[in-house]
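Trainee: So I've got this file, final.cif, and it contains mmCIF, C-alpha atoms and all ligand atoms:
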data_target
loop_
_atom_site.label_atom_id
_atom_site.label_comp_id
_atom_site.auth_asym_id
_atom_site.auth_seq_id
_atom_site.Cartn_x
_atom_site.Cartn_y
_atom_site.Cartn_z
CA MET A 1 0.67 -6.47 -16.07
CA ARG A 2 1.72 -6.97 -12.47
CA ILE A 3 -0.70 -5.91 -9.73
CA LEU A 4 0.91 -4.64 -6.54
CA PHE A 5 -0.93 -3.92 -3.29
CA ALA A 6 0.05 -0.43 -2.07
CA PRO A 7 1.00 0.06 1.57
CA LEU A 8 -1.50 1.96 3.74
CA GLN A 9 -0.40 2.54 7.32
CA GLY A 10 -3.13 1.29 9.68
CA TYR A 11 -4.96 -0.70 6.97
CA THR A 12 -2.69 -3.12 5.11
CA THR A 13 -1.29 -4.68 8.27
CA GLY A 14 0.65 -7.95 8.29
CA ILE A 15 -2.44 -10.00 9.08
CA TYR A 16 -4.45 -8.11 6.43
CA ARG A 17 -1.81 -8.86 3.77
CA LYS A 18 -1.61 -12.53 4.72
CA ALA A 19 -5.40 -13.00 4.85
CA HIS A 20 -5.86 -11.16 1.55
CA ALA A 21 -3.25 -13.32 -0.19
CA GLU A 22 -4.90 -16.49 1.11
CA ILE A 23 -8.52 -15.55 0.51
CA PHE A 24 -8.68 -13.17 -2.48
CA GLY A 25 -5.26 -13.38 -4.15
CA GLY A 26 -4.50 -11.98 -7.60
CA VAL A 27 -1.78 -9.71 -6.18
CA ASP A 28 1.85 -10.21 -7.23
CA ALA A 29 3.41 -8.36 -4.30
CA TYR A 30 2.25 -6.71 -1.09
CA TYR A 31 4.18 -3.60 -0.01
CA ALA A 32 4.29 -3.19 3.76
CA PRO A 33 3.76 0.31 5.25
CA PHE A 34 7.02 2.09 5.98
CA LEU A 35 9.43 1.17 8.74
CA ARG A 36 10.63 4.36 10.44
CA ILE A 37 13.19 5.53 12.95
CA GLU A 38 12.02 6.10 16.52
CA ASN A 39 14.51 7.28 19.14
CA GLY A 40 17.40 6.49 16.80
CA LYS A 41 16.29 2.89 16.26
CA PRO A 42 13.97 1.03 13.84
CA ARG A 43 10.47 1.29 15.30
CA GLU A 44 9.70 -1.99 17.08
CA LYS A 45 5.99 -1.87 16.28
CA ASP A 46 6.73 -1.65 12.53
CA LEU A 47 9.25 -4.50 12.70
CA ARG A 48 6.79 -6.75 14.57
CA ASP A 49 4.24 -6.32 11.79
CA LEU A 50 6.64 -7.65 9.16
CA ASN A 51 7.41 -11.22 8.16
CA SER A 52 3.78 -12.10 7.70
CA PHE A 53 4.97 -14.14 4.68
CA ASP A 54 8.22 -15.22 6.35
CA GLY A 55 10.88 -12.96 4.79
CA ASN A 56 10.53 -12.68 1.02
CA ALA A 57 9.07 -16.19 1.01
CA ARG A 58 6.05 -16.72 -1.19
CA GLU A 59 2.48 -17.02 -0.01
CA GLY A 60 0.88 -18.61 -3.05
CA ASN A 61 2.39 -16.48 -5.80
CA ALA A 62 2.67 -13.29 -3.78
CA ARG A 63 5.56 -11.68 -1.95
CA GLU A 64 5.75 -9.21 0.89
CA ILE A 65 8.13 -6.31 0.32
CA PRO A 66 9.06 -4.09 3.27
CA GLN A 67 9.43 -0.33 2.89
CA ILE A 68 11.59 2.24 4.66
CA ILE A 69 11.36 6.02 5.02
CA ALA A 70 14.45 8.08 5.82
CA ASN A 71 15.73 11.67 5.69
CA SER A 72 19.41 10.87 5.32
CA VAL A 73 21.82 8.14 4.37
CA ASP A 74 22.38 7.51 8.10
CA GLU A 75 18.70 6.76 8.79
CA PHE A 76 18.58 4.77 5.55
CA LYS A 77 21.46 2.51 6.63
CA ILE A 78 19.96 1.78 10.07
CA LEU A 79 16.61 0.77 8.58
CA ALA A 80 17.97 -1.17 5.59
CA ASN A 81 20.35 -3.11 7.83
CA ALA A 82 17.52 -4.03 10.22
CA LEU A 83 15.57 -5.50 7.28
CA ILE A 84 18.59 -7.27 5.82
CA ALA A 85 19.18 -8.81 9.27
CA LYS A 86 15.61 -10.09 9.14
CA GLY A 87 16.38 -11.86 5.86
CA TYR A 88 14.75 -9.50 3.36
CA THR A 89 16.40 -9.34 -0.04
CA GLU A 90 14.19 -6.63 -1.53
CA ILE A 91 13.38 -3.25 0.04
CA ASP A 92 11.24 -0.33 -1.16
CA PHE A 93 12.29 3.24 -0.38
CA ASN A 94 9.57 5.84 0.26
CA MET A 95 9.95 9.25 -1.36
CA GLY A 96 6.25 10.03 -1.58
CA CYS A 97 4.65 10.22 1.86
CA PRO A 98 2.85 13.60 2.03
CA PHE A 99 1.98 13.58 5.75
CA PRO A 100 3.32 16.81 7.33
CA MET A 101 4.85 14.84 10.22
CA GLN A 102 7.21 13.18 7.71
CA VAL A 103 7.54 15.96 5.11
CA ASN A 104 8.51 18.51 7.79
CA ARG A 105 11.24 16.16 8.95
CA HIS A 106 12.53 15.95 5.38
CA ARG A 107 11.23 12.43 4.76
CA GLY A 108 8.90 11.01 2.07
CA ALA A 109 7.89 13.73 -0.40
CA GLY A 110 9.97 16.13 1.71
CA LEU A 111 13.15 14.44 0.45
CA LEU A 112 12.42 14.88 -3.27
CA SER A 113 13.89 18.38 -3.40
CA ASP A 114 17.12 17.38 -1.63
CA ILE A 115 19.31 16.29 -4.53
CA GLN A 116 22.35 15.78 -2.31
CA ALA A 117 20.57 13.42 0.12
CA VAL A 118 18.97 11.47 -2.76
CA GLN A 119 22.43 11.09 -4.36
CA GLU A 120 23.94 9.80 -1.08
CA ILE A 121 21.11 7.30 -0.60
CA MET A 122 21.40 6.06 -4.20
CA ASP A 123 25.17 5.66 -3.68
CA GLU A 124 24.41 3.57 -0.59
CA ILE A 125 21.95 1.47 -2.65
CA LYS A 126 24.76 0.81 -5.16
CA ALA A 127 26.94 -0.47 -2.31
CA THR A 128 24.26 -2.64 -0.64
CA PRO A 129 23.85 -6.19 -1.99
CA VAL A 130 20.03 -6.40 -1.91
CA LYS A 131 17.40 -5.21 -4.40
CA PHE A 132 15.92 -1.74 -3.94
CA SER A 133 12.93 -0.03 -5.51
CA VAL A 134 11.56 3.48 -5.02
CA LYS A 135 7.98 4.69 -4.47
CA MET A 136 7.66 8.40 -5.14
CA ARG A 137 5.59 11.40 -6.19
CA LEU A 138 6.27 14.09 -8.74
CA GLY A 139 7.38 16.46 -6.01
CA GLN A 140 6.30 18.15 -2.82
CA ASP A 141 5.61 21.55 -4.44
CA SER A 142 6.47 21.12 -8.14
CA PRO A 143 6.91 18.30 -10.69
CA ASP A 144 10.34 19.77 -11.46
CA GLU A 145 11.55 17.98 -8.31
CA ALA A 146 11.07 14.48 -9.82
CA PHE A 147 12.77 15.48 -13.07
CA ALA A 148 15.72 17.02 -11.20
CA ILE A 149 16.48 13.71 -9.43
CA LEU A 150 15.58 11.37 -12.32
CA PRO A 151 19.15 11.28 -13.75
CA ILE A 152 20.40 10.16 -10.31
CA LEU A 153 17.66 7.51 -10.06
CA ASN A 154 18.41 6.35 -13.61
CA GLU A 155 22.04 5.73 -12.62
CA ALA A 156 21.12 3.71 -9.51
CA PRO A 157 20.54 -0.06 -9.70
CA LEU A 158 16.80 0.11 -8.89
CA SER A 159 14.49 -2.81 -9.65
CA GLN A 160 11.54 -0.46 -10.32
CA ILE A 161 10.06 2.96 -9.61
CA THR A 162 6.44 3.41 -8.56
CA LEU A 163 5.12 6.87 -9.37
CA HIS A 164 2.06 8.49 -7.81
CA PRO A 165 1.63 11.46 -10.18
CA ARG A 166 0.49 14.02 -7.64
CA LEU A 167 2.37 16.55 -5.53
CA GLY A 168 2.83 16.11 -1.80
CA LYS A 169 0.79 19.23 -1.13
CA GLN A 170 -2.20 17.55 -2.86
CA GLN A 171 -1.95 14.55 -0.49
CA TYR A 172 -4.30 11.93 -2.06
CA LYS A 173 -6.85 14.22 -3.71
CA GLY A 174 -7.09 16.47 -6.74
CA ALA A 175 -6.08 16.06 -10.36
CA ILE A 176 -3.55 13.44 -11.37
CA ASN A 177 -0.85 14.91 -13.60
CA PHE A 178 -0.83 12.47 -16.53
CA LYS A 179 1.27 14.81 -18.67
CA SER A 180 4.15 14.68 -16.20
CA PHE A 181 3.57 10.94 -15.70
CA GLU A 182 4.04 10.40 -19.46
CA LYS A 183 7.19 12.51 -19.54
CA PHE A 184 8.58 10.59 -16.55
CA HIS A 185 7.65 7.30 -18.23
CA GLU A 186 9.59 8.33 -21.35
CA GLU A 187 12.69 9.42 -19.44
CA CYS A 188 12.77 6.72 -16.75
CA ARG A 189 15.20 3.86 -17.47
CA HIS A 190 13.76 1.53 -14.82
CA PRO A 191 10.56 -0.53 -15.01
CA LEU A 192 7.77 1.89 -14.08
CA ILE A 193 4.70 1.16 -11.96
CA TYR A 194 1.72 3.52 -12.02
CA ASN A 195 -0.08 4.32 -8.74
CA GLY A 196 -3.19 6.41 -8.13
CA ASP A 197 -7.00 6.18 -8.02
CA ILE A 198 -7.42 2.80 -9.74
CA THR A 199 -10.71 1.22 -8.69
CA SER A 200 -11.83 -1.07 -11.55
CA VAL A 201 -10.66 -3.74 -13.97
CA SER A 202 -11.49 -1.47 -16.91
CA GLN A 203 -9.16 1.23 -15.52
CA ILE A 204 -6.32 -1.32 -15.25
CA CYS A 205 -6.96 -2.39 -18.84
CA GLU A 206 -7.04 1.25 -19.94
CA MET A 207 -3.62 1.87 -18.32
CA GLU A 208 -2.28 -1.21 -20.11
CA ARG A 209 -3.64 0.07 -23.44
CA ARG A 210 -2.33 3.61 -22.96
CA TYR A 211 1.08 2.62 -21.63
CA PRO A 212 2.08 -0.77 -23.09
CA LYS A 213 5.57 -0.55 -21.58
CA LEU A 214 4.26 -0.06 -18.03
CA ALA A 215 5.55 -2.80 -15.69
CA GLY A 216 2.46 -2.78 -13.50
CA VAL A 217 0.01 -0.87 -11.38
CA MET A 218 0.04 -0.42 -7.63
CA ILE A 219 -3.40 -0.17 -6.04
CA GLY A 220 -4.28 0.89 -2.50
CA ARG A 221 -7.71 2.28 -1.70
CA GLY A 222 -9.24 0.53 -4.73
CA LEU A 223 -8.19 -2.87 -3.37
CA LEU A 224 -9.27 -2.05 0.17
CA ALA A 225 -12.71 -1.08 -1.19
CA ARG A 226 -12.86 -4.09 -3.46
CA PRO A 227 -10.50 -6.82 -2.30
CA SER A 228 -11.43 -8.99 -5.32
CA LEU A 229 -10.12 -6.39 -7.80
CA ALA A 230 -6.72 -7.98 -8.52
CA ALA A 231 -8.24 -11.46 -8.92
CA GLU A 232 -10.97 -9.98 -11.12
CA TYR A 233 -8.31 -8.47 -13.38
CA LYS A 234 -6.42 -11.74 -13.53
CA GLY A 235 -9.71 -13.41 -14.49
CA MET A 236 -10.67 -10.33 -16.61
CA ARG A 237 -14.10 -9.59 -15.24
CA ASP A 238 -15.76 -6.77 -13.36
CA ILE A 239 -17.92 -7.65 -10.37
CA ASN A 240 -20.70 -5.18 -9.81
CA CYS A 241 -20.14 -4.13 -6.21
CA ALA A 242 -23.35 -2.12 -6.15
CA ALA A 243 -25.36 -5.28 -6.96
CA PRO A 244 -28.00 -6.34 -4.39
CA LEU A 245 -26.65 -8.25 -1.41
CA ASN A 246 -28.18 -11.51 -2.59
CA SER A 247 -26.82 -11.51 -6.15
CA ASP A 248 -24.54 -14.45 -6.95
CA THR A 249 -21.23 -12.66 -7.39
CA HIS A 250 -21.87 -10.28 -4.55
CA GLN A 251 -22.74 -13.26 -2.32
CA ASN A 252 -19.42 -14.86 -3.18
CA LEU A 253 -17.58 -11.61 -2.48
CA LEU A 254 -19.31 -11.18 0.87
CA GLY A 255 -18.51 -14.77 1.85
CA LYS A 256 -14.83 -14.09 1.24
CA LEU A 257 -15.02 -10.76 3.05
CA PHE A 258 -16.47 -12.42 6.16
CA GLN A 259 -13.79 -15.09 5.95
CA MET A 260 -11.07 -12.45 5.76
CA HIS A 261 -12.63 -10.45 8.57
CA GLN A 262 -12.72 -13.56 10.77
CA VAL A 263 -8.97 -14.10 10.34
CA ILE A 264 -8.26 -10.45 11.22
CA PHE A 265 -10.74 -10.49 14.12
CA ASP A 266 -9.30 -13.68 15.64
CA HIS A 267 -5.78 -12.30 15.30
CA ALA A 268 -6.77 -9.02 17.00
CA CYS A 269 -8.43 -10.90 19.90
CA LYS A 270 -5.28 -12.99 20.38
CA THR A 271 -2.87 -10.07 20.04
CA TYR A 272 -4.50 -7.13 21.81
CA GLN A 273 -6.16 -6.65 25.15
CA GLY A 274 -9.33 -4.80 26.01
CA ASP A 275 -12.27 -3.88 23.79
CA SER A 276 -10.96 -0.53 22.62
CA GLN A 277 -7.57 -1.88 21.46
CA ILE A 278 -9.19 -4.80 19.65
CA LEU A 279 -11.83 -2.57 18.08
CA SER A 280 -9.28 -0.08 16.79
CA HIS A 281 -7.63 -2.92 14.87
CA VAL A 282 -10.78 -4.41 13.37
CA GLN A 283 -12.92 -1.36 12.61
CA SER A 284 -10.44 -0.12 9.99
CA PHE A 285 -11.14 -3.28 7.94
CA TRP A 286 -14.57 -1.87 7.01
CA GLU A 287 -13.62 1.76 6.39
CA TYR A 288 -12.98 1.60 2.63
CA LEU A 289 -15.74 -1.02 2.24
CA GLU A 290 -18.40 1.51 3.22
CA PRO A 291 -20.03 1.71 -0.27
CA SER A 292 -20.55 -2.09 -0.31
CA ILE A 293 -22.31 -2.49 3.04
CA PRO A 294 -25.68 -1.24 4.32
CA LYS A 295 -25.43 2.29 5.76
CA LYS A 296 -27.05 1.37 9.08
CA ILE A 297 -24.64 -1.49 9.67
CA PHE A 298 -21.63 0.57 8.71
CA LYS A 299 -22.66 3.20 11.26
CA LYS A 300 -23.07 0.53 13.96
CA ILE A 301 -19.62 -0.88 13.22
CA LYS A 302 -18.00 2.56 13.37
CA LYS A 303 -19.80 3.62 16.54
CA ALA A 304 -19.30 0.38 18.47
CA GLY A 305 -17.46 1.10 21.72
CA LYS A 306 -17.76 -2.42 23.06
CA LEU A 307 -16.81 -5.69 21.38
CA SER A 308 -20.34 -7.02 21.93
CA GLU A 309 -21.84 -4.08 19.99
CA TYR A 310 -19.38 -4.65 17.17
CA GLN A 311 -20.19 -8.35 17.02
CA GLU A 312 -23.92 -7.57 16.92
CA ALA A 313 -23.35 -5.40 13.86
CA ILE A 314 -21.34 -8.11 12.10
CA THR A 315 -24.02 -10.72 12.90
CA ALA A 316 -26.71 -8.40 11.52
CA MET A 317 -24.72 -8.00 8.31
CA LYS A 318 -24.28 -11.77 7.98
CA GLU A 319 -28.02 -12.29 8.48
CA LEU A 320 -28.79 -9.77 5.75
CA SER A 321 -26.55 -11.45 3.21
C1 LIG A 401 -3.89 6.27 5.35
C2 LIG A 401 -2.82 6.08 4.32
C3 LIG A 401 -1.60 5.49 4.69
C4 LIG A 401 -0.57 5.32 3.74
N1 LIG A 401 0.61 4.73 4.12
C5 LIG A 401 1.61 4.59 3.19
C6 LIG A 401 2.87 3.98 3.52
O1 LIG A 401 3.14 3.57 4.65
N2 LIG A 401 3.80 3.91 2.53
C7 LIG A 401 3.58 4.36 1.25
O2 LIG A 401 4.44 4.24 0.38
N3 LIG A 401 2.39 4.89 0.92
C8 LIG A 401 1.41 5.01 1.84
N4 LIG A 401 0.20 5.54 1.46
C9 LIG A 401 -0.02 5.85 0.03
C10 LIG A 401 -0.59 4.64 -0.72
O3 LIG A 401 0.34 3.59 -0.76
C11 LIG A 401 -0.97 5.01 -2.17
O4 LIG A 401 0.16 5.54 -2.80
C12 LIG A 401 -2.09 6.03 -2.22
O5 LIG A 401 -3.19 5.61 -1.43
C13 LIG A 401 -2.55 6.26 -3.67
O6 LIG A 401 -2.92 5.06 -4.28
P1 LIG A 401 -4.48 4.60 -4.39
O7 LIG A 401 -5.18 5.73 -5.08
O8 LIG A 401 -4.44 3.34 -5.22
O9 LIG A 401 -4.97 4.40 -3.00
C14 LIG A 401 -0.80 5.74 2.39
C15 LIG A 401 -2.02 6.32 2.03
C16 LIG A 401 -3.02 6.51 2.97
C17 LIG A 401 -4.32 7.14 2.54
#
As structure tokens, how would this structure be written, given the file I've shared?

Mentor:
Amino acid sequence: MRILFAPLQGYTTGIYRKAHAEIFGGVDAYYAPFLRIENGKPREKDLRDLNSFDGNAREGNAREIPQIIANSVDEFKILANALIAKGYTEIDFNMGCPFPMQVNRHRGAGLLSDIQAVQEIMDEIKATPVKFSVKMRLGQDSPDEAFAILPILNEAPLSQITLHPRLGKQQYKGAINFKSFEKFHEECRHPLIYNGDITSVSQICEMERRYPKLAGVMIGRGLLARPSLAAEYKGMRDINCAAPLNSDTHQNLLGKLFQMHQVIFDHACKTYQGDSQILSHVQSFWEYLEPSIPKKIFKKIKKAGKLSEYQEAITAMKELS
């Protein structure tokens, strides 16, 4: 089964994706956080963070796939054209973001109930000569929303659909609706990717066993918390992340984590100015790793207001390992 790295705004940045592909690997494709419209134009900051793999070019075996979020066919065209101009030949369309800022503007999960707009965007996809996929939820308020647009999606030339089987109003918590996921899986004519709460190799294997026709799984927080997860699955083994810091596998994992952190740290120092800007770009690296690092050190990293304090915390962690 294919393993896809989910996009997480503020976490899976261009440099994160590139460093992960080089150091941990095991991921078939990295989805970039969405490109959005700002003042009528594609947001420059989002565009700058793309092309970490040089268009759709391969980094090892992995690819980087950009994503767009739009509330109408007009916004869709502006964003898709900006990516096509950059040389991308595959684009993901977001119909799942639950953040009120987007939903209230009729984007992400807020678009799922607008059958007319979804139809117009799918018609545009038919007329655009690059590959498109969709990442979506069951609905904003009800799973009926996904089933109402599924016939339109089935008619569109999509390369795949990724489904996060929650509602927008649940954001990223609460029960996953497997019953609706199964129904969607049965009725969907495109390759289907499952997304939601996967954190271990055994869970990936369980999804494979339960849904043999599934095209893959997309993992976000699980990979941020355990960057070796995709490679572990490809090598079919579970590394015990709660093992003591000096155990063999954990040692190896930590070595790679420090290596990855160094790449991201060096990039932040080169790209941003001033301690607070640099810190805001490196502290997020550790956020989902909290369970794997000593509590005291995690606190120091989070609280660091100066680069020197941050570096002291990292050195202390290296000395412990
Ligand atoms: C902070 C944050 C930012 C996110 N940004 C995006 C995004 O830009 N595009 C997108 O499709 N999903 C985004 N997501 C959703 C994730 O891609 C993923 O669907 C979600 O985390 C559930 O998968 P997981 O349980 O494997 O993490 C974001 C989620 C979080 C928590």

Trainee: At a cut-off of 6 Å and counting all atoms listed in the file, what residues surround ligand LIG 401 (chain A)? Please answer as a ChimeraX atom specification.

Mentor: /A:6-9,33-34,94,97,195-198,219-222

Trainee: Pick from A:Leu50, A:Leu229, A:Ile91, A:Ala29: nearest to Ile15 in chain A, with only C-alpha atoms counted?

Mentor: A:Leu50

Trainee: What lies within 7 Å of range 119-135 of chain A using all atoms listed in the file, ignoring chain neighbours under 4 positions off, as a ChimeraX atom specification?

Mentor: /A:73,89-96,115,152,156-163

Trainee: Please compute the CA of Thr12 in chain A-CA of Tyr31 in chain A distance, one decimal, in Å.

Mentor: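 Here the two named atoms are 8.6 Å from each other.
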
Trainee: Name all residues at most 10 Å from Phe184 in chain A (count all atoms listed in the file; drop same-chain ones fewer than 5 positions away) and give them as JSON, numbers by chain.

Mentor: {"A": [138, 143, 146, 147, 150, 163, 165, 178, 179, 189, 192]}

Trainee: To one decimal place in Å, what is the distance between CA of Arg2 in chain A and CA of Leu223 in chain A?

Mentor: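 Computing it gives 14.1 Å between the two atoms.
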
Trainee: Name the closest residue to Tyr30 in chain A among the candidates A:Ala225, A:Leu111, A:Leu153, A:Ala230; distances are taken between atoms, counting all atoms listed in the file.

Mentor: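 When distances to Tyr30 in chain A are compared using all atoms listed in the file, the smallest one comes from A:Ala230.
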
Trainee: Of the residues A:Ile37, A:Ile65, A:Lys306, A:Ala80, which is the one nearest to Arg105 in chain A, using only C-alpha atoms?

Mentor: A:Ile37

Trainee: Rounded to one decimal, what separation in Å do you get between CA of Asn71 in chain A and CA of Glu145 in chain A?

Mentor: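 About the pair CA of Asn71 in chain A and CA of Glu145 in chain A: they are 15.9 Å apart.
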
Trainee: Which residues come within 10 Å of Tyr211 in chain A, counting all atoms listed in the file, excluding same-chain residues fewer than 5 positions away, as a PDB file with C-alpha atoms, in the frame of the given file?

Mentor:
ATOM      1  CA  GLU A 182       4.040  10.400 -19.460  1.00  0.00           C
ATOM      2  CA  HIS A 185       7.650   7.300 -18.230  1.00  0.00           C
ATOM      3  CA  TYR A 194       1.720   3.520 -12.020  1.00  0.00           C
ATOM      4  CA  CYS A 205      -6.960  -2.390 -18.840  1.00  0.00           C
ATOM      5  CA  GLU A 206      -7.040   1.250 -19.940  1.00  0.00           C
ATOM      6  CA  GLY A 216       2.460  -2.780 -13.500  1.00  0.00           C
TER       7      GLY A 216
END

Trainee: With 4 Å added on each side, what axis-aligned box encloses every listed atom of range 159-174 of chain A? Give the centre and edge lengths in Å to one decimal, as lines of an AutoDock Vina configuration file.

Mentor:
center_x = 3.7
center_y = 8.2
center_z = -5.4
size_x = 29.6
size_y = 30.0
size_z = 17.8

Trainee: Within 8 Å of range 254-270 of chain A, counting all atoms listed in the file, which residues qualify if same-chain residues fewer than 3 places away don't, as a list of chain:residue names?

Mentor: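 The residues satisfying every condition are A:Ile15, A:Tyr16, A:Ala19, A:His20, A:Ile23, A:Phe24, A:His250, A:Gln251, A:Gln273, A:Ile278, A:His281, A:Val282, A:Phe285, A:Ser321.
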
Trainee: Looking at only C-alpha atoms, which of A:Lys318, A:Lys45, A:Arg137, A:Arg17 is the one that sits closest to Ala32 in chain A?

Mentor: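 Between A:Lys318, A:Lys45, A:Arg137, A:Arg17, the residue approaching Ala32 in chain A most closely is A:Arg17.
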
Trainee: Pick the closest to Asp46 in chain A from A:Gly25, A:Gly110, A:Gly139, A:Pro66: which is it, counting only C-alpha atoms?

Mentor: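 Closest to Asp46 in chain A, using only C-alpha atoms: A:Pro66.
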
Trainee: For a quick check of understanding, using only C-alpha atoms, which of A:Glu290, A:Leu307, A:Ala109, A:Phe298 has the smallest distance to Gln170 in chain A?

Mentor: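 Answer, going by the shortest atom-to-atom distance: A:Ala109.
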
Trainee: Quick one: residues within 9 Å of range 295-297 of chain A, all atoms listed in the file, excluding same-chain residues fewer than 5 positions away - as a PyMOL selection string?

Mentor: chain A and resi 290+302+313-314+316-317

Trainee: Complete the atom set of range 213-227 of chain A to N, CA and C atoms and return it as a short mmCIF file (atom, residue, chain, number, x, y, z; two decimals), in the coordinates of the input.

Mentor:
data_model
loop_
_atom_site.label_atom_id
_atom_site.label_comp_id
_atom_site.auth_asym_id
_atom_site.auth_seq_id
_atom_site.Cartn_x
_atom_site.Cartn_y
_atom_site.Cartn_z
N LYS A 213 4.27 -0.19 -22.19
CA LYS A 213 5.57 -0.55 -21.58
C LYS A 213 5.55 -0.50 -20.05
N LEU A 214 4.40 -0.14 -19.49
CA LEU A 214 4.26 -0.06 -18.03
C LEU A 214 4.49 -1.45 -17.41
N ALA A 215 5.26 -1.50 -16.30
CA ALA A 215 5.55 -2.80 -15.69
C ALA A 215 4.43 -3.28 -14.77
N GLY A 216 3.54 -2.36 -14.37
CA GLY A 216 2.46 -2.78 -13.50
C GLY A 216 1.72 -1.60 -12.90
N VAL A 217 0.72 -1.93 -12.11
CA VAL A 217 0.01 -0.87 -11.38
C VAL A 217 0.02 -1.24 -9.90
N MET A 218 0.13 -0.21 -9.07
CA MET A 218 0.04 -0.42 -7.63
C MET A 218 -1.29 0.18 -7.17
N ILE A 219 -2.06 -0.61 -6.43
CA ILE A 219 -3.40 -0.17 -6.04
C ILE A 219 -3.54 -0.22 -4.52
N GLY A 220 -4.07 0.85 -3.94
CA GLY A 220 -4.28 0.89 -2.50
C GLY A 220 -5.75 0.91 -2.15
N ARG A 221 -6.31 2.13 -2.14
CA ARG A 221 -7.71 2.28 -1.70
C ARG A 221 -8.67 1.46 -2.54
N GLY A 222 -8.37 1.31 -3.84
CA GLY A 222 -9.24 0.53 -4.73
C GLY A 222 -9.32 -0.93 -4.31
N LEU A 223 -8.20 -1.46 -3.82
CA LEU A 223 -8.19 -2.87 -3.37
C LEU A 223 -8.81 -3.02 -1.99
N LEU A 224 -8.64 -1.99 -1.16
CA LEU A 224 -9.27 -2.05 0.17
C LEU A 224 -10.79 -1.99 0.02
N ALA A 225 -11.27 -1.22 -0.97
CA ALA A 225 -12.71 -1.08 -1.19
C ALA A 225 -13.27 -2.29 -1.92
N ARG A 226 -12.42 -2.97 -2.63
CA ARG A 226 -12.86 -4.09 -3.46
C ARG A 226 -11.74 -5.13 -3.49
N PRO A 227 -11.65 -5.93 -2.43
CA PRO A 227 -10.50 -6.82 -2.30
C PRO A 227 -10.38 -7.85 -3.43
#
